[in-house]
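Trainee: Provided herewith: final-v1.cif, mmCIF, C-alpha atoms and all ligand atoms.
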data_run
#
loop_
_atom_site.label_atom_id
_atom_site.label_comp_id
_atom_site.auth_asym_id
_atom_site.auth_seq_id
_atom_site.Cartn_x
_atom_site.Cartn_y
_atom_site.Cartn_z
CA MET C 14 78.73 80.53 68.75
CA ALA C 15 75.91 82.88 67.88
CA LEU C 16 72.69 83.89 69.61
CA TYR C 17 69.55 83.75 67.47
CA VAL C 18 66.02 84.78 68.28
CA GLU C 19 63.62 82.85 66.05
CA LYS C 20 59.91 83.50 65.79
CA TYR C 21 57.48 80.93 64.43
CA GLY C 22 54.07 82.24 63.37
CA GLY C 23 50.65 80.62 63.61
CA THR C 24 50.85 78.30 60.58
CA SER C 25 54.38 77.30 61.53
CA VAL C 26 53.07 75.91 64.84
CA GLY C 27 49.59 75.08 63.53
CA SER C 28 49.64 71.34 64.31
CA VAL C 29 51.45 68.78 66.40
CA GLU C 30 53.53 67.86 63.34
CA ARG C 31 54.49 71.50 62.77
CA ILE C 32 55.47 71.95 66.45
CA ASN C 33 57.65 68.85 66.24
CA ALA C 34 59.20 70.19 63.03
CA VAL C 35 60.05 73.49 64.76
CA ALA C 36 61.67 71.62 67.65
CA GLU C 37 63.78 69.63 65.22
CA LYS C 38 64.81 72.69 63.27
CA VAL C 39 65.89 74.52 66.42
CA ALA C 40 67.62 71.35 67.66
CA SER C 41 69.92 71.44 64.64
CA GLU C 42 71.00 74.99 65.57
CA ILE C 43 71.65 73.89 69.14
CA LYS C 44 73.76 71.01 67.84
CA ALA C 45 75.73 73.53 65.79
CA GLY C 46 76.54 75.23 69.09
CA HIS C 47 74.24 78.27 68.93
CA GLN C 48 72.15 79.78 71.71
CA MET C 49 68.47 79.87 70.82
CA VAL C 50 65.49 81.93 71.98
CA VAL C 51 62.27 80.84 70.30
CA VAL C 52 59.19 83.06 70.23
CA VAL C 53 55.92 81.45 69.20
CA SER C 54 52.47 82.57 68.12
CA ALA C 55 49.24 80.83 68.95
CA MET C 56 48.39 77.86 66.71
CA SER C 57 46.83 79.15 63.49
CA GLY C 58 43.21 80.21 63.87
CA GLU C 59 43.39 80.17 67.67
CA THR C 60 43.49 83.93 68.26
CA ASN C 61 40.50 84.39 65.96
CA ARG C 62 38.65 81.56 67.71
CA LEU C 63 39.20 83.20 71.10
CA LEU C 64 38.10 86.63 69.83
CA ASP C 65 34.99 85.05 68.38
CA LEU C 66 34.18 83.28 71.66
CA ALA C 67 34.46 86.58 73.49
CA ARG C 68 32.10 88.32 71.07
CA GLN C 69 29.53 85.55 71.43
CA ILE C 70 29.34 86.39 75.12
CA ASN C 71 29.66 90.15 74.95
CA ASP C 72 29.86 92.27 71.79
CA GLN C 73 31.97 94.81 73.66
CA PRO C 74 34.10 92.65 75.93
CA PRO C 75 36.10 94.48 78.63
CA ALA C 76 39.55 95.15 77.16
CA ARG C 77 41.40 93.78 80.19
CA GLU C 78 39.59 90.45 80.05
CA LEU C 79 39.95 90.21 76.29
CA ASP C 80 43.74 90.38 76.72
CA VAL C 81 43.63 87.74 79.47
CA LEU C 82 41.70 85.55 77.03
CA VAL C 83 43.68 86.00 73.80
CA SER C 84 47.04 85.69 75.53
CA THR C 85 46.18 82.05 76.34
CA GLY C 86 46.75 81.01 72.72
CA GLU C 87 50.49 81.59 72.97
CA GLN C 88 50.67 79.93 76.38
CA VAL C 89 49.51 76.67 74.79
CA THR C 90 52.25 76.71 72.15
CA ILE C 91 55.14 77.53 74.50
CA ALA C 92 54.26 74.53 76.66
CA LEU C 93 53.75 72.16 73.71
CA LEU C 94 57.01 73.25 72.08
CA CYS C 95 58.95 72.69 75.31
CA MET C 96 57.42 69.21 75.53
CA ALA C 97 58.62 68.57 71.98
CA PHE C 98 62.14 69.68 72.97
CA ASN C 99 61.99 67.42 75.98
CA ALA C 100 61.12 64.47 73.74
CA LEU C 101 64.30 65.27 71.78
CA ASP C 102 66.31 65.35 75.02
CA ILE C 103 66.86 69.07 74.73
CA ASP C 104 66.61 71.17 77.84
CA ALA C 105 64.06 73.95 77.27
CA ARG C 106 62.01 76.33 79.41
CA SER C 107 58.85 78.20 78.58
CA TYR C 108 58.19 81.81 79.55
CA THR C 109 54.93 83.74 79.40
CA GLY C 110 55.30 87.46 78.66
CA ALA C 111 55.09 88.21 82.39
CA GLN C 112 57.71 85.58 83.27
CA ALA C 113 60.00 87.01 80.60
CA ASN C 114 59.55 90.44 82.22
CA ILE C 115 58.19 92.01 79.06
CA ARG C 116 56.86 95.30 80.45
CA THR C 117 54.37 97.28 78.41
CA ASP C 118 52.24 100.40 78.71
CA GLU C 119 48.59 100.06 79.79
CA VAL C 120 46.90 100.13 76.40
CA TYR C 121 45.07 96.80 76.23
CA GLY C 122 44.92 95.24 72.78
CA LYS C 123 47.71 97.39 71.36
CA ALA C 124 50.24 97.76 74.15
CA ARG C 125 53.79 98.93 73.45
CA ILE C 126 56.80 97.25 75.00
CA VAL C 127 58.62 99.69 77.28
CA ASP C 128 61.23 97.47 78.90
CA ILE C 129 62.53 93.89 79.03
CA GLN C 130 64.72 92.57 81.84
CA CYS C 131 66.27 89.40 80.47
CA ASP C 132 68.41 88.21 83.39
CA GLY C 133 66.37 85.00 83.74
CA ILE C 134 66.57 84.27 80.03
CA ARG C 135 70.33 84.96 79.94
CA HIS C 136 70.86 82.63 82.85
CA ASP C 137 68.97 79.84 81.05
CA LEU C 138 70.91 80.40 77.84
CA GLU C 139 74.18 80.22 79.70
CA ALA C 140 73.02 76.98 81.29
CA GLY C 141 72.57 75.59 77.77
CA ARG C 142 68.77 75.73 77.67
CA VAL C 143 66.52 76.74 74.81
CA VAL C 144 64.30 79.59 75.93
CA VAL C 145 60.75 79.55 74.56
CA VAL C 146 58.80 82.80 74.95
CA ALA C 147 55.11 83.46 74.33
CA GLY C 148 54.76 86.12 71.65
CA PHE C 149 52.20 88.94 71.55
CA GLN C 150 51.97 89.47 75.32
CA GLY C 151 53.43 91.40 78.21
CA VAL C 152 52.40 92.91 81.54
CA ASP C 153 51.81 96.52 82.51
CA ALA C 154 53.17 98.24 85.63
CA ASN C 155 50.26 96.84 87.65
CA ASN C 156 50.85 93.28 86.44
CA ASN C 157 47.81 93.27 84.18
CA ILE C 158 48.26 91.05 81.13
CA THR C 159 48.43 93.10 77.94
CA THR C 160 48.66 92.12 74.26
CA LEU C 161 50.59 93.88 71.52
CA GLY C 162 48.07 93.97 68.66
CA ARG C 163 47.56 91.50 65.81
CA GLY C 164 50.82 90.11 64.53
CA GLY C 165 52.46 91.18 67.81
CA SER C 166 54.68 88.11 68.15
CA ASP C 167 56.96 89.65 65.54
CA THR C 168 57.51 92.57 67.89
CA THR C 169 58.15 90.29 70.88
CA ALA C 170 60.88 88.57 68.86
CA VAL C 171 62.57 91.76 67.67
CA ALA C 172 62.36 93.37 71.12
CA LEU C 173 63.98 90.30 72.68
CA ALA C 174 66.65 90.26 69.97
CA ALA C 175 67.40 93.92 70.72
CA ALA C 176 67.48 93.38 74.48
CA LEU C 177 69.70 90.29 74.20
CA LYS C 178 71.83 91.82 71.42
CA ALA C 179 71.19 88.74 69.30
CA ASP C 180 73.20 88.13 66.15
CA GLU C 181 70.02 87.88 64.08
CA CYS C 182 66.27 87.87 64.53
CA ARG C 183 64.58 85.37 62.20
CA ILE C 184 60.89 85.55 61.50
CA TYR C 185 59.73 82.16 60.23
CA THR C 186 56.40 82.19 58.43
CA ASP C 187 54.43 80.56 55.61
CA VAL C 188 56.13 82.49 52.78
CA ASP C 189 59.85 82.38 52.04
CA GLY C 190 60.46 86.09 52.43
CA VAL C 191 59.13 89.56 51.75
CA TYR C 192 57.64 89.81 48.27
CA THR C 193 57.01 92.68 45.86
CA THR C 194 53.37 92.25 46.86
CA ASP C 195 51.20 89.70 48.65
CA PRO C 196 51.92 86.47 46.75
CA ARG C 197 48.41 85.27 47.56
CA ILE C 198 47.03 88.01 45.31
CA VAL C 199 49.75 88.12 42.66
CA PRO C 200 51.33 84.70 42.05
CA GLU C 201 54.00 86.38 39.89
CA ALA C 202 55.23 88.41 42.88
CA ARG C 203 58.97 88.22 43.41
CA ARG C 204 60.89 87.59 46.63
CA LEU C 205 63.21 90.42 47.58
CA ASP C 206 66.70 89.42 48.73
CA GLN C 207 67.02 92.61 50.76
CA ILE C 208 64.88 95.59 51.64
CA SER C 209 65.62 98.71 53.66
CA PHE C 210 64.07 99.29 57.09
CA GLU C 211 62.47 102.44 55.76
CA GLU C 212 60.70 100.70 52.88
CA MET C 213 59.71 97.74 55.05
CA LEU C 214 58.20 100.16 57.54
CA GLU C 215 56.09 101.71 54.78
CA LEU C 216 55.07 98.30 53.41
CA ALA C 217 54.07 97.13 56.90
CA SER C 218 52.19 100.35 57.69
CA LEU C 219 50.38 100.26 54.38
CA GLY C 220 49.08 96.72 54.71
CA ALA C 221 51.73 94.03 54.08
CA LYS C 222 51.03 92.00 57.20
CA VAL C 223 54.12 89.80 56.85
CA LEU C 224 55.74 91.86 59.66
CA GLN C 225 54.01 93.89 62.35
CA ILE C 226 54.88 97.60 62.00
CA ARG C 227 56.24 97.89 65.54
CA SER C 228 58.66 95.04 64.92
CA VAL C 229 60.20 96.95 62.01
CA GLU C 230 60.34 100.16 64.07
CA PHE C 231 62.16 98.30 66.82
CA ALA C 232 64.57 96.59 64.45
CA SER C 233 65.39 99.88 62.78
CA LYS C 234 65.85 101.77 66.04
CA TYR C 235 68.11 99.17 67.62
CA ALA C 236 69.76 98.02 64.37
CA VAL C 237 68.61 94.42 64.80
CA PRO C 238 69.52 92.31 61.76
CA LEU C 239 66.10 90.99 60.75
CA ARG C 240 65.30 88.19 58.31
CA VAL C 241 61.99 86.77 57.09
CA LEU C 242 62.09 83.10 56.08
CA SER C 243 59.87 80.10 55.45
CA SER C 244 59.51 77.47 58.17
CA PHE C 245 58.44 75.01 55.45
CA GLU C 246 61.40 75.17 53.08
CA ALA C 247 65.06 76.13 53.20
CA GLY C 248 66.23 79.37 51.61
CA PRO C 249 67.92 82.70 52.27
CA GLY C 250 64.67 84.63 52.87
CA THR C 251 64.69 88.42 52.90
CA LEU C 252 67.13 90.49 54.92
CA ILE C 253 65.79 93.79 56.26
CA THR C 254 68.73 96.11 56.65
CA THR C 255 69.94 99.69 56.42
CA GLU C 256 69.73 101.52 53.11
CA GLU C 257 73.54 101.68 52.74
CA ASN C 258 73.74 97.87 52.71
CA ILE C 259 71.37 97.45 49.78
CA VAL C 260 73.31 96.59 46.67
CA GLU C 261 70.91 97.22 43.83
CA GLN C 262 68.14 99.57 44.84
CA PRO C 263 65.06 99.24 42.62
CA ILE C 264 62.86 102.30 42.04
CA ILE C 265 59.78 100.53 43.36
CA SER C 266 60.10 97.79 45.97
CA GLY C 267 56.53 96.81 46.55
CA ILE C 268 52.78 97.28 46.26
CA THR C 269 50.45 96.97 49.24
CA TYR C 270 46.73 96.97 49.84
CA ASN C 271 44.70 97.63 52.94
CA ARG C 272 41.01 96.77 53.02
CA ASP C 273 40.56 97.95 56.57
CA GLU C 274 40.09 101.65 55.99
CA ALA C 275 37.04 103.87 56.10
CA LYS C 276 36.39 107.28 54.57
CA VAL C 277 34.66 109.91 56.69
CA THR C 278 33.29 113.08 55.07
CA ILE C 279 31.83 116.14 56.72
CA ARG C 280 29.85 118.06 54.12
CA GLY C 281 29.08 121.73 54.15
CA VAL C 282 31.51 122.88 56.82
CA PRO C 283 31.85 126.68 57.15
CA ASP C 284 35.33 127.38 55.73
CA LYS C 285 37.12 129.32 58.45
CA PRO C 286 40.37 129.02 60.40
CA GLY C 287 40.60 126.22 62.93
CA ILE C 288 38.21 123.81 61.21
CA ALA C 289 40.77 121.06 60.59
CA HIS C 290 41.89 121.31 64.19
CA ARG C 291 38.32 121.14 65.55
CA ILE C 292 37.57 118.04 63.49
CA LEU C 293 40.84 116.14 63.75
CA GLY C 294 41.62 117.15 67.34
CA VAL C 295 38.77 115.13 68.86
CA ILE C 296 39.81 112.14 66.78
CA SER C 297 43.44 112.19 67.82
CA ASP C 298 42.31 112.61 71.46
CA LYS C 299 40.70 109.18 71.01
CA ARG C 300 44.04 107.86 69.73
CA ILE C 301 42.51 107.15 66.32
CA ASN C 302 45.01 107.39 63.47
CA VAL C 303 43.94 109.63 60.61
CA ASP C 304 45.60 108.87 57.31
CA MET C 305 44.59 110.55 54.05
CA ILE C 306 43.05 114.03 54.36
CA ILE C 307 41.34 116.13 51.70
CA GLN C 308 39.69 119.53 52.06
CA ASN C 309 37.76 120.67 49.00
CA ILE C 310 37.95 124.23 47.70
CA SER C 311 35.15 126.16 49.28
CA ASP C 312 31.97 127.03 47.51
CA GLU C 313 30.06 130.01 48.96
CA GLY C 314 31.98 129.74 52.20
CA LEU C 315 31.26 126.03 52.67
CA THR C 316 33.67 123.16 52.15
CA ASP C 317 33.79 119.35 52.40
CA PHE C 318 36.35 117.75 54.66
CA THR C 319 37.27 114.09 54.05
CA PHE C 320 39.76 111.76 55.74
CA THR C 321 40.38 108.07 56.30
CA VAL C 322 40.64 106.09 59.56
CA PRO C 323 41.03 102.35 60.29
CA SER C 324 37.59 100.81 59.65
CA GLY C 325 37.58 99.34 63.16
CA ASP C 326 37.62 102.91 64.49
CA MET C 327 34.88 104.21 62.18
CA ASN C 328 32.04 104.01 64.68
CA ALA C 329 34.09 105.58 67.48
CA CYS C 330 34.99 108.32 65.05
CA ILE C 331 31.34 109.02 64.17
CA GLU C 332 30.49 109.13 67.86
CA VAL C 333 33.07 111.81 68.70
CA LEU C 334 32.34 113.80 65.56
CA GLU C 335 28.55 114.08 65.82
CA PRO C 336 28.62 116.84 68.45
CA VAL C 337 31.38 118.68 66.53
CA VAL C 338 29.36 118.56 63.31
CA GLU C 339 26.38 120.00 65.11
CA ASP C 340 28.47 122.65 66.80
CA LEU C 341 30.05 123.74 63.52
CA GLY C 342 26.69 123.86 61.79
CA ALA C 343 27.94 121.49 59.09
CA GLU C 344 25.43 119.85 56.75
CA GLU C 345 26.09 116.15 57.25
CA LEU C 346 28.50 113.43 58.31
CA VAL C 347 28.94 110.49 55.92
CA ALA C 348 31.04 107.39 56.61
CA ASP C 349 31.92 104.75 54.03
CA ASP C 350 34.00 101.63 54.66
CA ASP C 351 33.65 100.23 51.15
CA ILE C 352 37.17 101.41 50.23
CA SER C 353 40.70 100.02 50.03
CA LYS C 354 44.01 101.79 50.04
CA ILE C 355 46.55 100.71 47.43
CA SER C 356 50.13 101.95 47.77
CA VAL C 357 53.31 101.92 45.74
CA VAL C 358 56.51 102.03 47.85
CA GLY C 359 60.13 102.62 46.90
CA ILE C 360 63.12 104.64 48.01
CA GLY C 361 63.98 105.18 44.34
CA MET C 362 60.95 107.48 44.11
CA ARG C 363 63.07 110.17 45.74
CA SER C 364 65.16 110.49 42.62
CA HIS C 365 62.71 109.46 39.89
CA GLU C 366 59.97 111.56 38.37
CA GLY C 367 56.75 110.31 36.89
CA ILE C 368 55.90 107.47 39.28
CA ALA C 369 52.56 109.05 40.20
CA THR C 370 51.64 109.66 36.56
CA LYS C 371 52.45 106.07 35.68
CA MET C 372 50.37 104.82 38.61
CA PHE C 373 47.31 106.95 37.78
CA LYS C 374 47.51 106.08 34.08
CA ALA C 375 47.67 102.32 34.75
CA LEU C 376 44.65 102.50 37.05
CA SER C 377 42.63 104.64 34.65
CA GLU C 378 43.28 102.22 31.79
CA LYS C 379 41.49 99.57 33.85
CA GLY C 380 38.62 101.93 34.63
CA ILE C 381 39.54 102.14 38.32
CA ASN C 382 38.39 105.44 39.81
CA ILE C 383 40.71 107.09 42.33
CA LEU C 384 38.81 108.46 45.32
CA MET C 385 41.70 109.97 47.30
CA ILE C 386 45.46 110.35 46.94
CA SER C 387 48.23 110.81 49.47
CA THR C 388 51.98 110.87 48.99
CA SER C 389 55.18 110.92 50.95
CA GLU C 390 58.80 110.90 49.85
CA ILE C 391 58.84 107.14 49.28
CA LYS C 392 55.19 106.16 48.74
CA ILE C 393 52.05 107.04 46.82
CA SER C 394 48.69 105.79 48.10
CA VAL C 395 45.27 105.91 46.49
CA ALA C 396 41.87 104.99 47.86
CA VAL C 397 39.67 102.99 45.49
CA ARG C 398 36.37 101.08 45.84
CA LYS C 399 36.96 97.80 47.66
CA GLU C 400 35.82 95.66 44.70
CA PHE C 401 38.85 96.92 42.72
CA THR C 402 41.46 95.92 45.35
CA GLU C 403 42.91 92.87 43.63
CA LEU C 404 42.67 94.32 40.13
CA ALA C 405 44.47 97.48 41.25
CA VAL C 406 47.28 95.52 42.93
CA ARG C 407 47.77 93.25 39.90
CA THR C 408 47.63 96.18 37.49
CA LEU C 409 50.27 98.17 39.37
CA HIS C 410 52.49 95.15 39.90
CA ALA C 411 52.52 94.63 36.13
CA ALA C 412 52.81 98.34 35.28
CA PHE C 413 55.95 98.69 37.39
CA GLU C 414 57.32 95.39 36.03
CA LEU C 415 57.85 93.83 39.43
CA GLU C 416 57.19 90.23 38.40
CA GLU C 417 59.63 87.37 38.48
CA GLN C 418 62.05 87.65 35.56
CA ALA C 419 61.80 84.67 33.20
P1 LIG L 501 52.49 84.43 60.60
O1 LIG L 501 51.28 83.71 61.06
O2 LIG L 501 53.65 83.52 60.34
O3 LIG L 501 52.84 85.60 61.46
P2 LIG L 501 51.24 86.20 58.67
O4 LIG L 501 49.98 85.64 58.09
O5 LIG L 501 51.13 87.21 59.75
O6 LIG L 501 52.14 84.97 59.13
O7 LIG L 501 52.16 86.83 57.52
C1 LIG L 501 52.49 86.07 56.37
C2 LIG L 501 51.53 86.40 55.23
O8 LIG L 501 51.72 87.75 54.84
C3 LIG L 501 51.77 85.63 53.95
O9 LIG L 501 51.09 84.38 53.96
C4 LIG L 501 51.27 86.57 52.87
O10 LIG L 501 50.01 86.20 52.37
C5 LIG L 501 51.13 87.91 53.57
N1 LIG L 501 51.80 89.00 52.87
C6 LIG L 501 51.22 90.19 52.57
N2 LIG L 501 52.06 90.97 51.90
C7 LIG L 501 53.22 90.28 51.75
C8 LIG L 501 54.48 90.57 51.15
N3 LIG L 501 54.71 91.74 50.56
N4 LIG L 501 55.44 89.63 51.20
C9 LIG L 501 55.22 88.45 51.80
N5 LIG L 501 54.04 88.11 52.39
C10 LIG L 501 53.06 89.02 52.37
N1 LIG L 502 48.48 85.28 67.80
C1 LIG L 502 48.49 86.70 67.52
C2 LIG L 502 47.71 87.00 66.24
O1 LIG L 502 47.14 86.10 65.64
C3 LIG L 502 49.86 87.27 67.47
C4 LIG L 502 50.74 86.75 66.36
O2 LIG L 502 50.49 85.68 65.80
O3 LIG L 502 51.74 87.41 66.05
O4 LIG L 502 47.61 88.13 65.85
MG MG L 503 52.13 87.59 61.53
#
Render the structure in this file as structure tokens.

Mentor:
Amino acid sequence: MALYVEKYGGTSVGSVERINAVAEKVASEIKAGHQMVVVVSAMSGETNRLLDLARQINDQPPARELDVLVSTGEQVTIALLCMAFNALDIDARSYTGAQANIRTDEVYGKARIVDIQCDGIRHDLEAGRVVVVAGFQGVDANNNITTLGRGGSDTTAVALAAALKADECRIYTDVDGVYTTDPRIVPEARRLDQISFEEMLELASLGAKVLQIRSVEFASKYAVPLRVLSSFEAGPGTLITTEENIVEQPIISGITYNRDEAKVTIRGVPDKPGIAHRILGVISDKRINVDMIIQNISDEGLTDFTFTVPSGDMNACIEVLEPVVEDLGAEELVADDDISKISVVGIGMRSHEGIATKMFKALSEKGINILMISTSEIKISVAVRKEFTELAVRTLHAAFELEEQA
């Protein structure tokens, strides 16, 4: 007998038929004698619908109320799924995040899970029940409802798997695994049998939304065996595991794109010690993540300072920087969200030279101008104009020969 935590995403519970199909799939595991915890997302499109409703009423809705609103999507699916189990004569119980004791910090909209007490869930499992938990939500120390950020149901599932010491956490979605790049953009993309936590973390951070970043962090920290599979067809999916377990390690594992970045430039900043700190300090105080950073060589004591932030944070960034720009006597502040970040990820980069050269050459042959570059041990990212996103991804996927072998 094994204990599995299975998560079904929005499309996998997107209709009554899909919910019934999930119940039947889980029922077969129960019949095989396994204990099952099922985490569900809201039905596809529901979270966006709720966010849109909120914005029609107030373009800056209070964060607390927004979380109360968007958490309702998952509450609908837990109840419907339990009804589907009931129709199959399977004993099941639904849990909201609060009922499952998923405790988070107080950051509405992107809360982090700090603790889960699963006594209630364990008791149900021992009594032979299927436990159905609402993904994406928790409660803070004052019992306010919080949500975990877009794609947060993945993190709910992995956190529960860690807390319950499950044998495997399975993320069921609309693709049959993790691919070398988004198969919606490159149909020739190839499913990976295995990928390391470290590479998956980079892929998720750099834009592959198949798994939420936090879920990969959790899985890596608590060594949760994690698998991504299709809820529509049978197959082995992709196992995310430790580097030592990977049999054949390719040089490059994947290509990602992220259209949600903005470039902020402060022109004509006096080039003296402490500038980077003055500029970036106020941004990190606002908990805005800065990614690529470039400081030009100075010309007559003045320099340009450029960096990227998530495009959703661009306006907040301008707001906190305006007084700093004035204070520093800089010439101007320019923000531009017409960019995308394209990244090449692979552990093999550690031991192979020439990956960057190959990347830059392939892009230049297609006339794609590189606006910024950043690198780490296992990734190279470039910023390009947004219109080149798909071309850049396809070009690099072909240049690194990642496509399905004939
Ligand atoms: P769910 O609603 O099940 O959580 P998501 O839409 O969040 O599903 O994630 C699945 C989607 O992630 C796929 O439909 C695919 O378009 C996209 N995706 C992006 N990059 C990748 C990748 N490298 N491998 C697989 N899917 C990817
Ligand atoms: N329903 C939430 C979203 O759409 C959480 C999730 O599906 O993981 O982002
Ligand atoms: Mg998702």

Trainee: Neighbouring residues of ligand MG 503 (chain L) are defined here as those with any atom at most 10 Å from a ligand atom, counting only C-alpha atoms and all ligand atoms; list them as a PyMOL selection string.

Mentor: chain C and resi 20-24+54+163-168+184-187+221-225

Trainee: Which one of C:Leu205, C:Asn156, C:Arg227, C:Val143 sits closest to Ala172 (chain C) if you count all atoms listed in the file?

Mentor: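 Selected residue with least distance to Ala172 (chain C): C:Arg227.
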
Trainee: Could you tell me which of C:Met49, C:Leu242, C:Cys95, C:Leu173 comes closest to ligand LIG 501 (chain L) if we count only C-alpha atoms and all ligand atoms?

Mentor: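 Going through C:Met49, C:Leu242, C:Cys95, C:Leu173 one by one, the smallest distance to ligand LIG 501 (chain L) is for C:Leu242.
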
Trainee: Looking at C:Gly86, C:Gly151, C:Gly314, C:Gly359, which one is nearest to Thr193 (chain C), with distances taken over all atoms listed in the file?

Mentor: C:Gly359

Trainee: Excluding same-chain residues fewer than 2 positions from Pro323 (chain C), what lies within 9 Å of it counting all atoms listed in the file, as a PyMOL selection string?

Mentor: chain C and resi 273-276+301-304+321+325-327

Trainee: Report, in Å with one decimal, the straight-line distance from CA of Glu212 (chain C) to CA of Gly267 (chain C).

Mentor: 8.5 Å

Trainee: Which residue gives the smallest distance to Thr160 (chain C) among C:Glu417, C:Asp206, C:Glu339, C:Glu119, with all atoms listed in the file counted?

Mentor: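 So, comparing all the options, the nearest one is C:Glu119.
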
Trainee: Enter the distance from CA of Ser387 (chain C) to CA of Met305 (chain C), in Å, rounded to one decimal.

Mentor: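 CA of Met305 (chain C) lies 5.9 Å from CA of Ser387 (chain C).
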
Trainee: What is the distance between CA of Pro238 (chain C) and CA of Ile91 (chain C), in Å to one decimal?

Mentor: 24.2 Å

Trainee: Can you tell me, as a PyMOL selection string, what residues are no more than 7 Å from Leu346 (chain C) when counting all atoms listed in the file, ignoring any on the same chain fewer than 4 positions away?

Mentor: chain C and resi 278-280

Trainee: Looking at only C-alpha atoms and all ligand atoms, which of C:Gly380, C:Pro336, C:Gly148, C:Pro283 is the one that sits closest to ligand LIG 502 (chain L)?

Mentor: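 The closest residue to ligand LIG 502 (chain L) is C:Gly148.
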
Trainee: My list of candidates is C:Met372, C:Leu293, C:Val358, C:Leu415. Which is closest to Ser389 (chain C) when distances are computed with only C-alpha atoms?

Mentor: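 Closest residue, counting only C-alpha atoms: C:Val358.
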
Trainee: Would you give the centre and edge lengths, in Å to one decimal, of a box along x, y and z around the listed atoms of region 152-164 of chain C, with 3 Å added to each side, as AutoDock Vina command-line options?

Mentor:
--center_x 50.4 --center_y 94.2 --center_z 76.1 --size_x 11.6 --size_y 14.1 --size_z 29.1

Trainee: Within 9 Å of Val277 (chain C), counting all atoms listed in the file, which residues show up once you throw out same-chain ones fewer than 3 positions away? Write them as a compact mmCIF listing (two decimals) with C-alpha atoms, in the coordinates of the input, please.

Mentor:
# COMPACT_ATOMS: atom_id res chain seq x y z
CA PHE C 318 36.35 117.75 54.66
CA THR C 319 37.27 114.09 54.05
CA PHE C 320 39.76 111.76 55.74
CA THR C 321 40.38 108.07 56.30
CA VAL C 322 40.64 106.09 59.56
CA MET C 327 34.88 104.21 62.18
CA CYS C 330 34.99 108.32 65.05
CA ILE C 331 31.34 109.02 64.17
CA LEU C 346 28.50 113.43 58.31
CA VAL C 347 28.94 110.49 55.92
CA ALA C 348 31.04 107.39 56.61
CA ASP C 349 31.92 104.75 54.03
CA ASP C 350 34.00 101.63 54.66

Trainee: Env of Ile158 (chain C): 8 Å cut, atoms = only C-alpha atoms, seq-sep filter 2 positions within chain, self excluded. Answer as a PDB file with C-alpha atoms, keeping the file's coordinate frame.

Mentor:
ATOM      1  CA  ARG C  77      41.400  93.780  80.190  1.00  0.00           C
ATOM      2  CA  ASP C  80      43.740  90.380  76.720  1.00  0.00           C
ATOM      3  CA  VAL C  81      43.630  87.740  79.470  1.00  0.00           C
ATOM      4  CA  SER C  84      47.040  85.690  75.530  1.00  0.00           C
ATOM      5  CA  ALA C 111      55.090  88.210  82.390  1.00  0.00           C
ATOM      6  CA  GLN C 150      51.970  89.470  75.320  1.00  0.00           C
ATOM      7  CA  GLY C 151      53.430  91.400  78.210  1.00  0.00           C
ATOM      8  CA  VAL C 152      52.400  92.910  81.540  1.00  0.00           C
ATOM      9  CA  ASP C 153      51.810  96.520  82.510  1.00  0.00           C
ATOM     10  CA  ASN C 156      50.850  93.280  86.440  1.00  0.00           C
ATOM     11  CA  THR C 160      48.660  92.120  74.260  1.00  0.00           C
TER      12      THR C 160
END

Trainee: I need every residue sitting at most 10 Å from the point (51.7, 100.4, 77.3) (coordinates as in the file, all atoms listed in the file considered), written as an NGL selection string.

Mentor: :C and (116-127 or 151-154 or 159-161)

Trainee: Hey, could you make a per-residue contact list for region 36-72 of chain C against region 244-250 of chain C with 12 Å as the cut-off, showing the nearest pair of atoms and its distance in Å to one decimal, counting all atoms listed in the file, sorted by chain and number, as JSON lines?

Mentor:
{"residue": "C:Ala36", "atom": "CA", "partner": "C:Ser244", "partner_atom": "CA", "distance": 11.3}
{"residue": "C:Glu37", "atom": "CA", "partner": "C:Ser244", "partner_atom": "CA", "distance": 11.4}
{"residue": "C:Lys38", "atom": "CA", "partner": "C:Ser244", "partner_atom": "CA", "distance": 8.8}
{"residue": "C:Val39", "atom": "CA", "partner": "C:Ser244", "partner_atom": "CA", "distance": 10.8}

Trainee: Could those residues be written to a file, using C-alpha atoms, as a PDB file, in the coordinates of the input?

Mentor:
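Dumped to selection_30.pdb:
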ATOM      1  CA  ALA C  36      61.670  71.620  67.650  1.00  0.00           C
ATOM      2  CA  GLU C  37      63.780  69.630  65.220  1.00  0.00           C
ATOM      3  CA  LYS C  38      64.810  72.690  63.270  1.00  0.00           C
ATOM      4  CA  VAL C  39      65.890  74.520  66.420  1.00  0.00           C
TER       5      VAL C  39
END

Trainee: At a cut-off of 12 Å, using all atoms listed in the file, what residues contact Glu257 (chain C)? Leave out same-chain residues fewer than 2 positions from it and give the result as a PyMOL selection string.

Mentor: chain C and resi 207-211+253-255+259-262+360
